[in-house]
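This is model_10.cif (mmCIF, C-alpha atoms (C1' of nucleotides)).
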```
data_run
#
loop_
_atom_site.label_atom_id
_atom_site.label_comp_id
_atom_site.auth_asym_id
_atom_site.auth_seq_id
_atom_site.Cartn_x
_atom_site.Cartn_y
_atom_site.Cartn_z
CA MET A 49 -0.46 -22.81 25.85
CA ALA A 50 2.90 -22.51 24.20
CA ARG A 51 1.27 -23.62 20.98
CA ARG A 52 -1.42 -21.04 21.37
CA SER A 53 0.99 -18.23 21.96
CA SER A 54 3.14 -19.23 19.01
CA GLU A 55 0.18 -19.29 16.67
CA ASP A 56 -0.74 -15.87 17.87
CA LYS A 57 2.75 -14.59 17.25
CA LYS A 58 2.80 -15.86 13.70
CA GLU A 59 -0.58 -14.30 13.09
CA ARG A 60 0.60 -11.06 14.57
CA ILE A 61 3.57 -11.01 12.25
CA LEU A 62 1.35 -11.62 9.23
CA ASP A 63 -1.08 -8.94 10.33
CA ALA A 64 1.73 -6.47 10.85
CA ALA A 65 3.22 -7.32 7.47
CA THR A 66 -0.13 -6.80 5.79
CA VAL A 67 -0.47 -3.29 7.12
CA GLU A 68 3.10 -2.23 6.49
CA ILE A 69 3.40 -3.73 3.03
CA ALA A 70 0.06 -2.28 1.97
CA ARG A 71 1.17 1.10 3.19
CA HIS A 72 4.74 1.21 1.95
CA GLY A 73 5.12 -1.54 -0.59
CA TYR A 74 7.03 -4.79 -0.28
CA HIS A 75 10.46 -3.43 -1.08
CA GLN A 76 10.13 -0.35 1.07
CA THR A 77 9.01 -2.40 4.04
CA THR A 78 11.89 -3.57 6.18
CA VAL A 79 11.80 -6.68 8.29
CA ALA A 80 12.60 -4.45 11.26
CA VAL A 81 9.46 -2.40 10.81
CA ILE A 82 7.29 -5.49 10.55
CA ALA A 83 8.87 -6.81 13.72
CA ARG A 84 8.28 -3.57 15.57
CA ARG A 85 4.62 -3.47 14.61
CA ALA A 86 4.18 -7.10 15.56
CA GLY A 87 5.85 -6.45 18.89
CA VAL A 88 8.65 -8.95 18.42
CA ALA A 89 12.37 -8.74 17.79
CA ASP A 90 13.79 -8.79 14.28
CA GLY A 91 15.27 -12.21 14.79
CA THR A 92 11.97 -13.66 15.92
CA ILE A 93 10.62 -13.25 12.41
CA TYR A 94 13.11 -15.88 11.31
CA LEU A 95 11.81 -18.40 13.81
CA TYR A 96 8.53 -18.37 11.92
CA PHE A 97 9.54 -17.59 8.35
CA LYS A 98 12.52 -18.68 6.30
CA ASN A 99 12.95 -15.24 4.83
CA LYS A 100 11.16 -12.05 3.94
CA GLU A 101 9.61 -13.37 0.78
CA GLU A 102 8.04 -16.24 2.67
CA ILE A 103 6.09 -13.72 4.70
CA LEU A 104 4.49 -12.49 1.50
CA VAL A 105 3.73 -16.01 0.36
CA SER A 106 2.21 -16.94 3.70
CA LEU A 107 0.13 -13.81 3.69
CA PHE A 108 -1.35 -14.78 0.38
CA GLU A 109 -1.87 -18.40 1.29
CA ARG A 110 -3.70 -17.48 4.45
CA ALA A 111 -5.94 -15.11 2.52
CA LEU A 112 -6.62 -17.53 -0.31
CA GLY A 113 -7.40 -20.28 2.16
CA ARG A 114 -10.10 -18.19 3.76
CA PHE A 115 -11.31 -17.11 0.35
CA ILE A 116 -11.73 -20.64 -0.94
CA ALA A 117 -13.30 -21.87 2.28
CA LYS A 118 -16.02 -19.26 2.06
CA GLY A 119 -16.42 -19.94 -1.63
CA GLN A 120 -16.98 -23.64 -1.27
CA GLU A 121 -19.35 -23.11 1.60
CA GLN A 122 -21.32 -20.70 -0.54
CA LEU A 123 -21.44 -22.76 -3.73
CA GLU A 124 -22.30 -25.91 -1.80
CA GLY A 125 -25.77 -27.12 -2.65
CA MET A 126 -26.33 -24.39 -5.19
CA THR A 127 -27.58 -25.54 -8.57
CA GLY A 128 -27.61 -23.81 -11.92
CA ALA A 129 -24.49 -22.45 -13.57
CA ALA A 130 -25.83 -18.91 -13.86
CA ASP A 131 -26.60 -18.73 -10.15
CA LYS A 132 -23.20 -20.12 -9.31
CA LEU A 133 -21.54 -17.54 -11.51
CA ARG A 134 -23.55 -14.81 -9.84
CA ALA A 135 -22.39 -16.11 -6.50
CA ILE A 136 -18.77 -16.12 -7.62
CA VAL A 137 -18.95 -12.51 -8.76
CA ASP A 138 -20.59 -11.49 -5.56
CA LEU A 139 -18.19 -13.37 -3.37
CA HIS A 140 -15.10 -12.18 -5.18
CA LEU A 141 -16.06 -8.54 -4.93
CA THR A 142 -17.29 -8.87 -1.37
CA LEU A 143 -14.21 -10.62 -0.09
CA VAL A 144 -11.70 -8.42 -1.86
CA GLY A 145 -13.66 -5.36 -0.79
CA GLN A 146 -13.57 -6.40 2.83
CA ASP A 147 -9.99 -5.53 3.60
CA ARG A 148 -8.31 -2.77 1.67
CA ASP A 149 -4.82 -3.47 2.99
CA LEU A 150 -5.05 -7.06 1.94
CA ALA A 151 -6.50 -5.99 -1.40
CA ILE A 152 -3.55 -3.72 -2.05
CA ILE A 153 -1.28 -6.67 -1.52
CA THR A 154 -3.20 -9.09 -3.71
CA GLN A 155 -3.83 -6.60 -6.49
CA VAL A 156 -0.48 -4.86 -6.53
CA GLU A 157 2.36 -5.99 -4.32
CA LEU A 158 2.00 -9.65 -5.03
CA ARG A 159 2.67 -9.12 -8.72
CA HIS A 160 6.07 -7.61 -8.47
CA SER A 161 8.11 -10.13 -10.38
CA LEU A 162 7.63 -12.66 -13.10
CA HIS A 163 9.09 -15.40 -10.98
CA PHE A 164 6.78 -14.63 -8.13
CA LEU A 165 3.68 -14.20 -10.25
CA GLU A 166 4.32 -17.44 -12.08
CA GLU A 167 4.63 -19.30 -8.82
CA LEU A 168 1.41 -17.89 -7.46
CA SER A 169 -0.42 -18.18 -10.68
CA ARG A 170 0.30 -21.83 -11.20
CA ALA A 171 0.03 -23.10 -7.69
CA GLN A 172 -2.71 -20.99 -6.20
CA VAL A 173 -4.80 -18.98 -8.59
CA GLY A 174 -4.93 -21.91 -10.98
CA GLY A 175 -7.29 -23.67 -8.61
CA TYR A 176 -9.59 -20.72 -8.52
CA LEU A 177 -9.62 -20.42 -12.30
CA ALA A 178 -10.44 -24.09 -12.52
CA ILE A 179 -13.52 -23.61 -10.38
CA ILE A 180 -14.79 -20.85 -12.62
CA ALA A 181 -14.08 -22.90 -15.74
CA GLN A 182 -15.92 -25.80 -14.18
CA VAL A 183 -19.02 -23.70 -13.58
CA ILE A 184 -18.91 -22.45 -17.14
CA ALA A 185 -18.55 -25.97 -18.50
CA GLU A 186 -21.58 -26.93 -16.48
CA GLY A 187 -23.55 -24.07 -18.00
CA VAL A 188 -22.49 -25.02 -21.49
CA ALA A 189 -23.55 -28.62 -20.88
CA SER A 190 -26.92 -27.57 -19.54
CA GLY A 191 -27.55 -25.17 -22.40
CA GLN A 192 -27.69 -22.13 -20.15
CA PHE A 193 -24.47 -20.84 -21.69
CA ARG A 194 -23.37 -20.57 -25.29
CA ALA A 195 -22.42 -23.89 -26.83
CA ASP A 196 -19.34 -22.57 -28.59
CA LEU A 197 -17.59 -21.37 -25.45
CA ASP A 198 -14.19 -22.60 -24.45
CA PRO A 199 -14.75 -22.84 -20.67
CA VAL A 200 -11.11 -22.29 -19.82
CA LEU A 201 -10.78 -19.18 -21.96
CA ALA A 202 -14.12 -17.82 -20.81
CA GLY A 203 -13.11 -18.51 -17.22
CA LYS A 204 -10.00 -16.40 -17.66
CA ALA A 205 -12.11 -13.64 -19.16
CA VAL A 206 -14.43 -13.70 -16.16
CA PHE A 207 -11.48 -13.61 -13.83
CA GLY A 208 -10.04 -10.72 -15.83
CA VAL A 209 -13.20 -8.70 -15.32
CA LEU A 210 -13.28 -9.37 -11.58
CA ASP A 211 -9.59 -8.69 -11.18
CA GLU A 212 -9.79 -5.41 -13.02
CA MET A 213 -12.72 -4.29 -10.88
CA ALA A 214 -10.70 -5.10 -7.80
CA THR A 215 -7.59 -3.30 -9.01
CA ASP A 216 -9.61 -0.29 -10.03
CA TRP A 217 -11.17 -0.16 -6.60
CA VAL A 218 -7.79 -0.35 -4.93
CA LEU A 219 -6.42 2.48 -7.04
CA SER A 220 -9.43 4.71 -6.60
CA ARG A 221 -9.18 6.62 -3.39
CA ARG A 222 -12.88 7.11 -3.01
CA ASN A 223 -14.66 5.30 -0.25
CA THR A 224 -17.02 3.25 -2.37
CA ARG A 225 -17.89 -0.30 -1.54
CA LEU A 226 -16.59 -2.74 -4.09
CA GLU A 227 -19.50 -5.12 -3.77
CA ALA A 228 -21.87 -2.33 -4.74
CA LYS A 229 -20.79 -3.01 -8.31
CA ALA A 230 -21.76 -6.66 -8.11
CA PRO A 231 -25.14 -6.44 -9.87
CA GLU A 232 -23.77 -4.55 -12.83
CA VAL A 233 -20.69 -6.69 -13.07
CA THR A 234 -22.83 -9.80 -12.92
CA GLU A 235 -24.79 -8.58 -15.92
CA LEU A 236 -21.59 -8.00 -17.87
CA VAL A 237 -20.20 -11.38 -16.98
CA LEU A 238 -23.41 -13.24 -17.78
CA GLY A 239 -23.57 -11.38 -21.08
CA MET A 240 -20.23 -12.89 -21.99
CA VAL A 241 -21.31 -16.44 -21.49
CA ALA A 242 -25.09 -16.67 -21.53
CA SER A 243 -26.99 -17.97 -24.53
CA GLY A 244 -28.26 -15.10 -26.69
CA GLY A 245 -31.43 -13.48 -25.44
CA MET B 167 24.93 14.21 -35.87
CA ALA B 168 25.50 14.67 -32.19
CA ARG B 169 21.76 14.78 -31.72
CA ARG B 170 21.36 11.65 -33.79
CA SER B 171 23.96 9.74 -31.87
CA SER B 172 22.47 10.80 -28.54
CA GLU B 173 19.03 9.65 -29.54
CA ASP B 174 20.50 6.34 -30.51
CA LYS B 175 22.20 6.02 -27.18
CA LYS B 176 19.03 6.68 -25.27
CA GLU B 177 17.21 4.16 -27.40
CA ARG B 178 19.97 1.65 -26.87
CA ILE B 179 19.68 2.07 -23.12
CA LEU B 180 15.93 1.54 -23.23
CA ASP B 181 16.31 -1.50 -25.45
CA ALA B 182 18.92 -2.96 -23.15
CA ALA B 183 16.76 -2.28 -20.11
CA THR B 184 13.80 -3.97 -21.74
CA VAL B 185 15.71 -7.18 -22.29
CA GLU B 186 17.38 -7.27 -18.91
CA ILE B 187 14.35 -6.33 -16.88
CA ALA B 188 12.15 -8.80 -18.73
CA ARG B 189 14.69 -11.50 -18.06
CA HIS B 190 15.63 -10.78 -14.46
CA GLY B 191 12.99 -8.47 -13.08
CA TYR B 192 13.30 -4.82 -12.19
CA HIS B 193 14.87 -5.26 -8.79
CA GLN B 194 17.32 -7.92 -9.86
CA THR B 195 18.49 -5.85 -12.79
CA THR B 196 21.40 -3.59 -11.89
CA VAL B 197 22.13 -0.34 -13.62
CA ALA B 198 25.55 -1.75 -14.38
CA VAL B 199 24.15 -4.64 -16.35
CA ILE B 200 21.90 -2.37 -18.38
CA ALA B 201 24.88 -0.18 -19.13
CA ARG B 202 26.99 -3.10 -20.22
CA ARG B 203 24.33 -4.38 -22.59
CA ALA B 204 23.79 -0.91 -24.00
CA GLY B 205 27.52 -0.53 -24.51
CA VAL B 206 27.88 2.53 -22.32
CA ALA B 207 29.43 3.27 -18.95
CA ASP B 208 27.35 3.14 -15.79
CA GLY B 209 27.55 6.88 -15.37
CA THR B 210 26.26 7.52 -18.88
CA ILE B 211 22.88 6.20 -17.87
CA TYR B 212 22.54 9.21 -15.59
CA LEU B 213 23.11 11.64 -18.43
CA TYR B 214 19.89 10.37 -19.97
CA PHE B 215 17.80 9.35 -16.98
CA LYS B 216 17.43 10.90 -13.58
CA ASN B 217 17.48 7.53 -11.88
CA LYS B 218 16.76 3.88 -12.35
CA GLU B 219 13.02 4.19 -11.96
CA GLU B 220 12.88 6.77 -14.73
CA ILE B 221 14.21 4.15 -17.10
CA LEU B 222 11.16 2.03 -16.36
CA VAL B 223 8.82 4.98 -16.81
CA SER B 224 10.42 5.95 -20.11
CA LEU B 225 10.21 2.40 -21.31
CA PHE B 226 6.51 2.36 -20.72
CA GLU B 227 5.91 5.79 -22.18
CA ARG B 228 7.73 4.90 -25.35
CA ALA B 229 5.70 1.71 -25.69
CA LEU B 230 2.38 3.33 -24.93
CA GLY B 231 3.13 6.12 -27.38
CA ARG B 232 3.61 3.62 -30.17
CA PHE B 233 0.56 1.70 -29.02
CA ILE B 234 -1.72 4.70 -29.12
CA ALA B 235 -0.34 5.95 -32.41
CA LYS B 236 -1.15 2.66 -34.10
CA GLY B 237 -4.51 2.59 -32.42
CA GLN B 238 -5.62 5.98 -33.59
CA GLU B 239 -4.38 5.28 -37.08
CA GLN B 240 -6.40 2.10 -37.11
CA LEU B 241 -9.62 3.50 -35.66
CA GLU B 242 -9.46 6.54 -37.92
CA GLY B 243 -12.26 6.57 -40.42
CA MET B 244 -13.80 3.42 -39.00
CA THR B 245 -17.51 3.61 -38.24
CA GLY B 246 -19.70 1.43 -36.06
CA ALA B 247 -19.00 0.78 -32.41
CA ALA B 248 -18.91 -2.97 -32.78
CA ASP B 249 -16.30 -2.80 -35.51
CA LYS B 250 -14.25 -0.39 -33.47
CA LEU B 251 -14.39 -2.70 -30.49
CA ARG B 252 -13.32 -5.60 -32.65
CA ALA B 253 -10.40 -3.51 -33.84
CA ILE B 254 -9.43 -2.64 -30.29
CA VAL B 255 -9.37 -6.27 -29.23
CA ASP B 256 -7.36 -7.22 -32.26
CA LEU B 257 -4.91 -4.41 -31.88
CA HIS B 258 -4.41 -4.92 -28.17
CA LEU B 259 -3.64 -8.59 -28.52
CA THR B 260 -1.53 -8.10 -31.61
CA LEU B 261 0.61 -5.34 -30.16
CA VAL B 262 1.14 -6.98 -26.80
CA GLY B 263 1.85 -10.26 -28.53
CA GLN B 264 4.49 -8.71 -30.71
CA ASP B 265 7.23 -8.36 -28.15
CA ARG B 266 7.37 -10.78 -25.27
CA ASP B 267 10.06 -8.90 -23.38
CA LEU B 268 8.04 -5.73 -23.47
CA ALA B 269 4.93 -7.69 -22.54
CA ILE B 270 6.62 -9.09 -19.45
CA ILE B 271 7.38 -5.57 -18.38
CA THR B 272 3.91 -4.16 -19.00
CA GLN B 273 2.09 -7.14 -17.53
CA VAL B 274 4.33 -7.83 -14.58
CA GLU B 275 7.27 -5.62 -13.74
CA LEU B 276 5.44 -2.35 -14.14
CA ARG B 277 3.00 -3.25 -11.40
CA HIS B 278 5.39 -3.67 -8.58
CA SER B 279 4.21 -0.96 -6.24
CA LEU B 280 1.05 0.88 -5.45
CA HIS B 281 2.72 4.21 -5.92
CA PHE B 282 4.02 3.24 -9.31
CA LEU B 283 0.82 1.63 -10.49
CA GLU B 284 -1.24 4.60 -9.41
CA GLU B 285 0.99 6.94 -11.32
CA LEU B 286 0.80 4.90 -14.47
CA SER B 287 -2.82 4.13 -14.12
CA ARG B 288 -3.96 7.69 -13.79
CA ALA B 289 -1.67 9.39 -16.21
CA GLN B 290 -1.30 6.84 -18.95
CA VAL B 291 -3.69 3.95 -18.97
CA GLY B 292 -6.54 6.31 -18.14
CA GLY B 293 -6.37 7.67 -21.66
CA TYR B 294 -6.66 4.22 -23.11
CA LEU B 295 -9.61 3.34 -20.90
CA ALA B 296 -11.27 6.56 -21.99
CA ILE B 297 -11.03 5.54 -25.63
CA ILE B 298 -12.72 2.21 -24.93
CA ALA B 299 -15.43 3.88 -22.86
CA GLN B 300 -15.99 6.34 -25.69
CA VAL B 301 -16.51 3.55 -28.20
CA ILE B 302 -18.94 1.85 -25.85
CA ALA B 303 -20.86 5.08 -25.31
CA GLU B 304 -21.12 5.42 -29.06
CA GLY B 305 -22.52 1.92 -29.32
CA VAL B 306 -25.05 2.59 -26.61
CA ALA B 307 -26.16 5.77 -28.35
CA SER B 308 -26.54 4.00 -31.69
CA GLY B 309 -28.46 1.13 -30.15
CA GLN B 310 -25.84 -1.46 -31.11
CA PHE B 311 -25.03 -1.96 -27.45
CA ARG B 312 -27.27 -2.46 -24.43
CA ALA B 313 -28.95 0.72 -23.30
CA ASP B 314 -28.37 0.09 -19.60
CA LEU B 315 -24.59 -0.05 -19.83
CA ASP B 316 -22.36 2.24 -17.88
CA PRO B 317 -19.71 2.88 -20.54
CA VAL B 318 -16.96 3.54 -18.04
CA LEU B 319 -17.61 0.38 -16.07
CA ALA B 320 -18.04 -1.70 -19.21
CA GLY B 321 -14.83 -0.20 -20.57
CA LYS B 322 -12.95 -1.37 -17.51
CA ALA B 323 -14.45 -4.82 -17.91
CA VAL B 324 -13.28 -4.98 -21.52
CA PHE B 325 -9.84 -3.85 -20.48
CA GLY B 326 -9.84 -6.47 -17.74
CA VAL B 327 -10.50 -9.22 -20.24
CA LEU B 328 -7.76 -8.03 -22.59
CA ASP B 329 -5.30 -7.55 -19.76
CA GLU B 330 -5.92 -11.00 -18.36
CA MET B 331 -5.42 -12.57 -21.77
CA ALA B 332 -2.14 -10.74 -22.06
CA THR B 333 -0.96 -11.73 -18.60
CA ASP B 334 -1.95 -15.31 -19.16
CA TRP B 335 0.03 -15.37 -22.39
CA VAL B 336 3.07 -13.95 -20.66
CA LEU B 337 2.91 -16.55 -17.92
CA SER B 338 2.34 -19.47 -20.26
CA ARG B 339 5.61 -20.69 -21.60
CA ARG B 340 4.11 -22.18 -24.72
CA ASN B 341 4.86 -20.52 -28.00
CA THR B 342 1.34 -19.63 -29.00
CA ARG B 343 0.52 -16.40 -30.71
CA LEU B 344 -1.55 -14.10 -28.57
CA GLU B 345 -3.52 -12.65 -31.46
CA ALA B 346 -4.74 -16.12 -32.36
CA LYS B 347 -7.22 -15.72 -29.53
CA ALA B 348 -8.62 -12.51 -30.97
CA PRO B 349 -11.74 -13.97 -32.63
CA GLU B 350 -12.84 -15.82 -29.53
CA VAL B 351 -12.05 -12.94 -27.25
CA THR B 352 -13.94 -10.60 -29.52
CA GLU B 353 -17.02 -12.77 -29.17
CA LEU B 354 -16.75 -12.68 -25.39
CA VAL B 355 -16.29 -8.95 -25.31
CA LEU B 356 -19.14 -8.26 -27.71
CA GLY B 357 -21.33 -10.55 -25.65
CA MET B 358 -20.75 -8.30 -22.65
CA VAL B 359 -21.94 -5.19 -24.36
CA ALA B 360 -24.03 -6.07 -27.40
CA SER B 361 -27.81 -5.84 -27.38
CA GLY B 362 -29.39 -9.24 -26.71
CA GLY B 363 -29.65 -11.46 -29.75
"C1'" DC C 251 12.80 -24.97 43.69
"C1'" DT C 252 15.84 -25.89 40.01
"C1'" DG C 253 18.11 -27.30 35.70
"C1'" DG C 254 17.96 -27.12 31.19
"C1'" DA C 255 15.48 -26.90 26.86
"C1'" DA C 256 12.96 -23.80 23.95
"C1'" DA C 257 11.86 -19.28 22.62
"C1'" DA C 258 13.08 -14.78 21.97
"C1'" DT C 259 16.26 -10.97 21.55
"C1'" DG C 260 18.79 -7.27 18.98
"C1'" DA C 261 23.43 -5.80 17.91
"C1'" DA C 262 26.69 -7.02 14.56
"C1'" DT C 263 27.65 -8.82 10.07
"C1'" DA C 264 27.88 -9.35 5.37
"C1'" DG C 265 26.64 -8.36 0.97
"C1'" DG C 266 24.86 -5.58 -2.36
"C1'" DT C 267 24.19 -1.58 -5.68
"C1'" DA C 268 22.40 3.20 -7.03
"C1'" DT C 269 24.57 7.28 -7.71
"C1'" DT C 270 28.38 10.60 -7.90
"C1'" DC C 271 32.27 13.00 -9.68
"C1'" DA C 272 37.09 13.81 -10.83
"C1'" DG C 273 39.22 12.83 -14.70
"C1'" DT C 274 39.54 11.59 -19.91
"C1'" DA C 275 38.30 11.61 -24.78
"C1'" DC C 276 36.26 13.86 -28.38
"C1'" DC C 277 35.19 17.52 -31.53
"C1'" DA C 278 34.20 21.97 -33.52
"C1'" DT C 279 36.07 26.27 -34.14
"C1'" DA C 280 39.38 29.98 -34.75
"C1'" DT D 165 47.49 23.73 -33.57
"C1'" DA D 166 45.29 25.65 -29.51
"C1'" DT D 167 41.01 26.19 -26.96
"C1'" DG D 168 36.90 25.43 -24.80
"C1'" DG D 169 33.02 23.01 -24.18
"C1'" DT D 170 30.46 18.63 -24.25
"C1'" DA D 171 29.97 13.76 -23.78
"C1'" DC D 172 31.54 10.01 -21.59
"C1'" DT D 173 33.85 6.98 -18.23
"C1'" DG D 174 34.11 3.75 -14.29
"C1'" DA D 175 36.18 3.44 -9.74
"C1'" DA D 176 34.91 5.08 -5.34
"C1'" DT D 177 31.36 6.37 -2.25
"C1'" DA D 178 27.63 6.18 0.63
"C1'" DC D 179 23.92 3.92 2.09
"C1'" DC D 180 20.84 0.29 3.14
"C1'" DT D 181 18.85 -3.85 5.17
"C1'" DA D 182 18.22 -9.10 5.29
"C1'" DT D 183 19.96 -12.40 8.07
"C1'" DT D 184 22.75 -14.50 11.78
"C1'" DC D 185 24.03 -15.94 16.32
"C1'" DA D 186 25.87 -15.29 21.04
"C1'" DT D 187 23.32 -14.16 24.82
"C1'" DT D 188 19.24 -13.67 27.77
"C1'" DT D 189 14.63 -14.81 29.19
"C1'" DT D 190 10.83 -17.87 29.73
"C1'" DC D 191 8.81 -21.95 30.95
"C1'" DC D 192 7.93 -26.34 32.89
"C1'" DA D 193 9.12 -31.22 34.38
"C1'" DG D 194 11.00 -33.48 38.00
#
```
Written as structure tokens, that's how I'd like the structure from this file.
Amino acid sequence: MARRSSEDKKERILDAATVEIARHGYHQTTVAVIARRAGVADGTIYLYFKNKEEILVSLFERALGRFIAKGQEQLEGMTGAADKLRAIVDLHLTLVGQDRDLAIITQVELRHSLHFLEELSRAQVGGYLAIIAQVIAEGVASGQFRADLDPVLAGKAVFGVLDEMATDWVLSRRNTRLEAKAPEVTELVLGMVASGG
Amino acid sequence: MARRSSEDKKERILDAATVEIARHGYHQTTVAVIARRAGVADGTIYLYFKNKEEILVSLFERALGRFIAKGQEQLEGMTGAADKLRAIVDLHLTLVGQDRDLAIITQVELRHSLHFLEELSRAQVGGYLAIIAQVIAEGVASGQFRADLDPVLAGKAVFGVLDEMATDWVLSRRNTRLEAKAPEVTELVLGMVASGG
DNA sequence: CTGGAAAATGAATAGGTATTCAGTACCATA
DNA sequence: TATGGTACTGAATACCTATTCATTTTCCAG
């Protein structure tokens, strides 16, 4: 019971932080305002997080965990590099497009300092890039993709396309669905890597 | 003379800010430390800039101005959408790769809040995206590029690739030259848009 | 019931820095 | 040399908020 309630409290703090930081930005969001929204006292935050920055890190880790879980589930048992790449595009746009507050944080607030971005980039996003590169390598080996590709470089390019689509969506105020772009984006991405034809 | 010296001072402040912000991040960089490096008093900063944030804006505007000037000069008199796109890739990577401090700012520090990024994105980067979209539209019209492309979307994709390459270079500590990737990146980008073949 | 550990509270602290402004230095002109 | 205006200075101000910790509340084992 105690365990249960604690877990809930930590979740509540992360949820509150997501909303507030998305709305006002990391630096404009005070710990006090997160606490108020979460329904806890200021000091309680520090029973669950070492400091304010750790809230941001935890936020991202929680989100990426869910992201990767769904991704692996989806790619499981799928064969063919092109299909896998299609699935990645679709999943990326769908998941980012699912929660605008979270998207604001991942696309904007999380990138606010070199130190921070380096940390994230190496530890977390690196794994995601590796998966994409792996799929591309598979396609190169099978002949579906161009033989002269550098899978790592091409993987970054694919990520760059997806990331830009996500950022653009966050910055545009219109109420479009991000995943609506998936078919077109898939064509662009496959064009980059597929064997001529 | 007075004019000349003032211009110099403003430039010195921007140069100093570039170095300090690249090294310590926007929020960790105090106005005092920028002033010291520029060789002026703290208060002098406020004779040239309304506030600290305006330093960052000016920094970016100065850089983008130079960027676009070189770009237009380069594209001038060039014909053929594919060649123009090649030139854009080359120029983008070359210019970003020329000054690592500035690159840290454009790729990282400038993106630290939604408000800020929106402002930049709409007012400044929008013009750059429009140029890329224009080139793609030209290629579609001439048949060099795929007929079913949406030039605006494809333009964002191209920008996404270039931006990711730049960010990746900034985060990698190795001393590679960013423009060394230009040929490979060009192939990827052309693959996205070029007619099958 | 009850004693005490664990969890939670929120007012006080401690540290930090953007911005101001009263004063100083400089310079052109008469 | 005197005068007035402009540029510059940097110490003082004014404000802000992350974090701590003495106290209170909650919870459950005995």
At a cut-off of 10 Å, can you tabulate as CSV every residue of chain A near chain B together with its closest atom pair and the distance in Å to one decimal, using all atoms listed in the file and ordering rows by chain then number?
```
residue,atom,partner,partner_atom,distance
A:Ile69,CA,B:Ser279,CA,9.7
A:Ala70,CA,B:Leu280,CA,8.1
A:Arg71,CA,B:Leu280,CA,8.6
A:His72,CA,B:Leu280,CA,8.3
A:Gly73,CA,B:Ser279,CA,5.8
A:Tyr74,CA,B:Ser279,CA,7.6
A:His75,CA,B:Ser279,CA,8.5
A:Gln76,CA,B:Ser279,CA,9.4
A:Ile152,CA,B:Leu280,CA,7.3
A:Ile153,CA,B:Leu280,CA,8.8
A:Gln155,CA,B:Leu280,CA,9.0
A:Val156,CA,B:Leu280,CA,6.0
A:Glu157,CA,B:Ser279,CA,5.7
A:Leu158,CA,B:His278,CA,7.7
A:Arg159,CA,B:His278,CA,6.1
A:His160,CA,B:His278,CA,4.0
A:Ser161,CA,B:Glu275,CA,5.7
A:Leu162,CA,B:Val274,CA,6.0
A:His163,CA,B:Gly191,CA,8.2
A:Phe164,CA,B:Val274,CA,9.7
A:Leu165,CA,B:Val274,CA,7.7
A:Glu166,CA,B:Leu337,CA,6.1
A:Glu167,CA,B:Leu337,CA,9.7
A:Ser169,CA,B:Leu337,CA,8.1
A:Arg170,CA,B:Leu337,CA,8.9
A:Asp196,CA,B:Glu350,CA,9.4
A:Leu197,CA,B:Glu350,CA,8.4
A:Asp198,CA,B:Glu350,CA,8.6
A:Leu201,CA,B:Val351,CA,8.3
A:Ala202,CA,B:Leu354,CA,7.4
A:Lys204,CA,B:Glu330,CA,6.8
A:Ala205,CA,B:Val327,CA,4.8
A:Val206,CA,B:Val327,CA,7.2
A:Phe207,CA,B:Glu330,CA,7.6
A:Gly208,CA,B:Gly326,CA,4.7
A:Val209,CA,B:Gly326,CA,4.7
A:Leu210,CA,B:Gly326,CA,7.6
A:Asp211,CA,B:Gly326,CA,6.9
A:Glu212,CA,B:Gly326,CA,4.8
A:Met213,CA,B:Lys322,CA,7.2
A:Thr215,CA,B:Gly326,CA,9.6
A:Asp216,CA,B:Lys322,CA,8.3
A:Val218,CA,B:Leu280,CA,8.9
A:Leu219,CA,B:Glu284,CA,6.1
A:Ser220,CA,B:Glu284,CA,8.7
A:Lys229,CA,B:Leu319,CA,9.0
A:Glu232,CA,B:Leu315,CA,8.4
A:Val233,CA,B:Ala323,CA,8.1
A:Glu235,CA,B:Met358,CA,7.9
A:Leu236,CA,B:Met358,CA,4.9
A:Val237,CA,B:Met358,CA,6.5
A:Leu238,CA,B:Met358,CA,7.4
A:Gly239,CA,B:Met358,CA,4.5
A:Met240,CA,B:Gly357,CA,4.5
A:Val241,CA,B:Leu354,CA,7.1
A:Ala242,CA,B:Gly357,CA,8.3
A:Ser243,CA,B:Gly363,CA,8.8
A:Gly244,CA,B:Gly363,CA,5.0
A:Gly245,CA,B:Gly362,CA,4.9
```
Using all atoms listed in the file, tabulate the residues of chain C lying at most 10 Å from any atom of chain B, each with its closest atom pair and that distance in Å to one decimal, by chain and increasing residue number, as a tab-separated table.
```
residue	atom	partner	partner_atom	distance
C:DT267	C1'	B:Thr196	CA	7.1
C:DA268	C1'	B:Val197	CA	7.5
C:DT269	C1'	B:Gly209	CA	8.2
C:DT270	C1'	B:Gly209	CA	8.4
C:DC271	C1'	B:Gly209	CA	9.6
```
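Using the PyMOL selection byres ((chain A and resi 146) around 12) on this structure selects Ala111, Phe115, Leu139, His140, Leu141, Thr142, Leu143, Val144, Gly145, Asp147, Arg148, Asp149, Leu150, Ala151, Ile152, Ala214, Trp217, Val218, Thr224, Arg225, Leu226, Glu227 and Ala228 of chain A.
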request  = Tell me, as a PyMOL selection string, which residues lie within 10 Å of segment 200-207 of chain B, counting all atoms listed in the file; anything in the same chain fewer than 3 positions away does not count.
outcome  = (chain B and resi 175-187+195-197+210-212) or (chain D and resi 172-174)
task = When you get a sec, could you note down which chain D residues fall within 10 Å of chain A, using all atoms listed in the file, as number ranges by chain?
result = D: 181-185, 191
Just write the chosen residues, C-alpha atoms (C1' of nucleotides), as a short mmCIF file (atom, residue, chain, number, x, y, z; two decimals), in the coordinates of the input.
```cif
data_model
loop_
_atom_site.label_atom_id
_atom_site.label_comp_id
_atom_site.auth_asym_id
_atom_site.auth_seq_id
_atom_site.Cartn_x
_atom_site.Cartn_y
_atom_site.Cartn_z
"C1'" DT D 181 18.85 -3.85 5.17
"C1'" DA D 182 18.22 -9.10 5.29
"C1'" DT D 183 19.96 -12.40 8.07
"C1'" DT D 184 22.75 -14.50 11.78
"C1'" DC D 185 24.03 -15.94 16.32
"C1'" DC D 191 8.81 -21.95 30.95
#
```
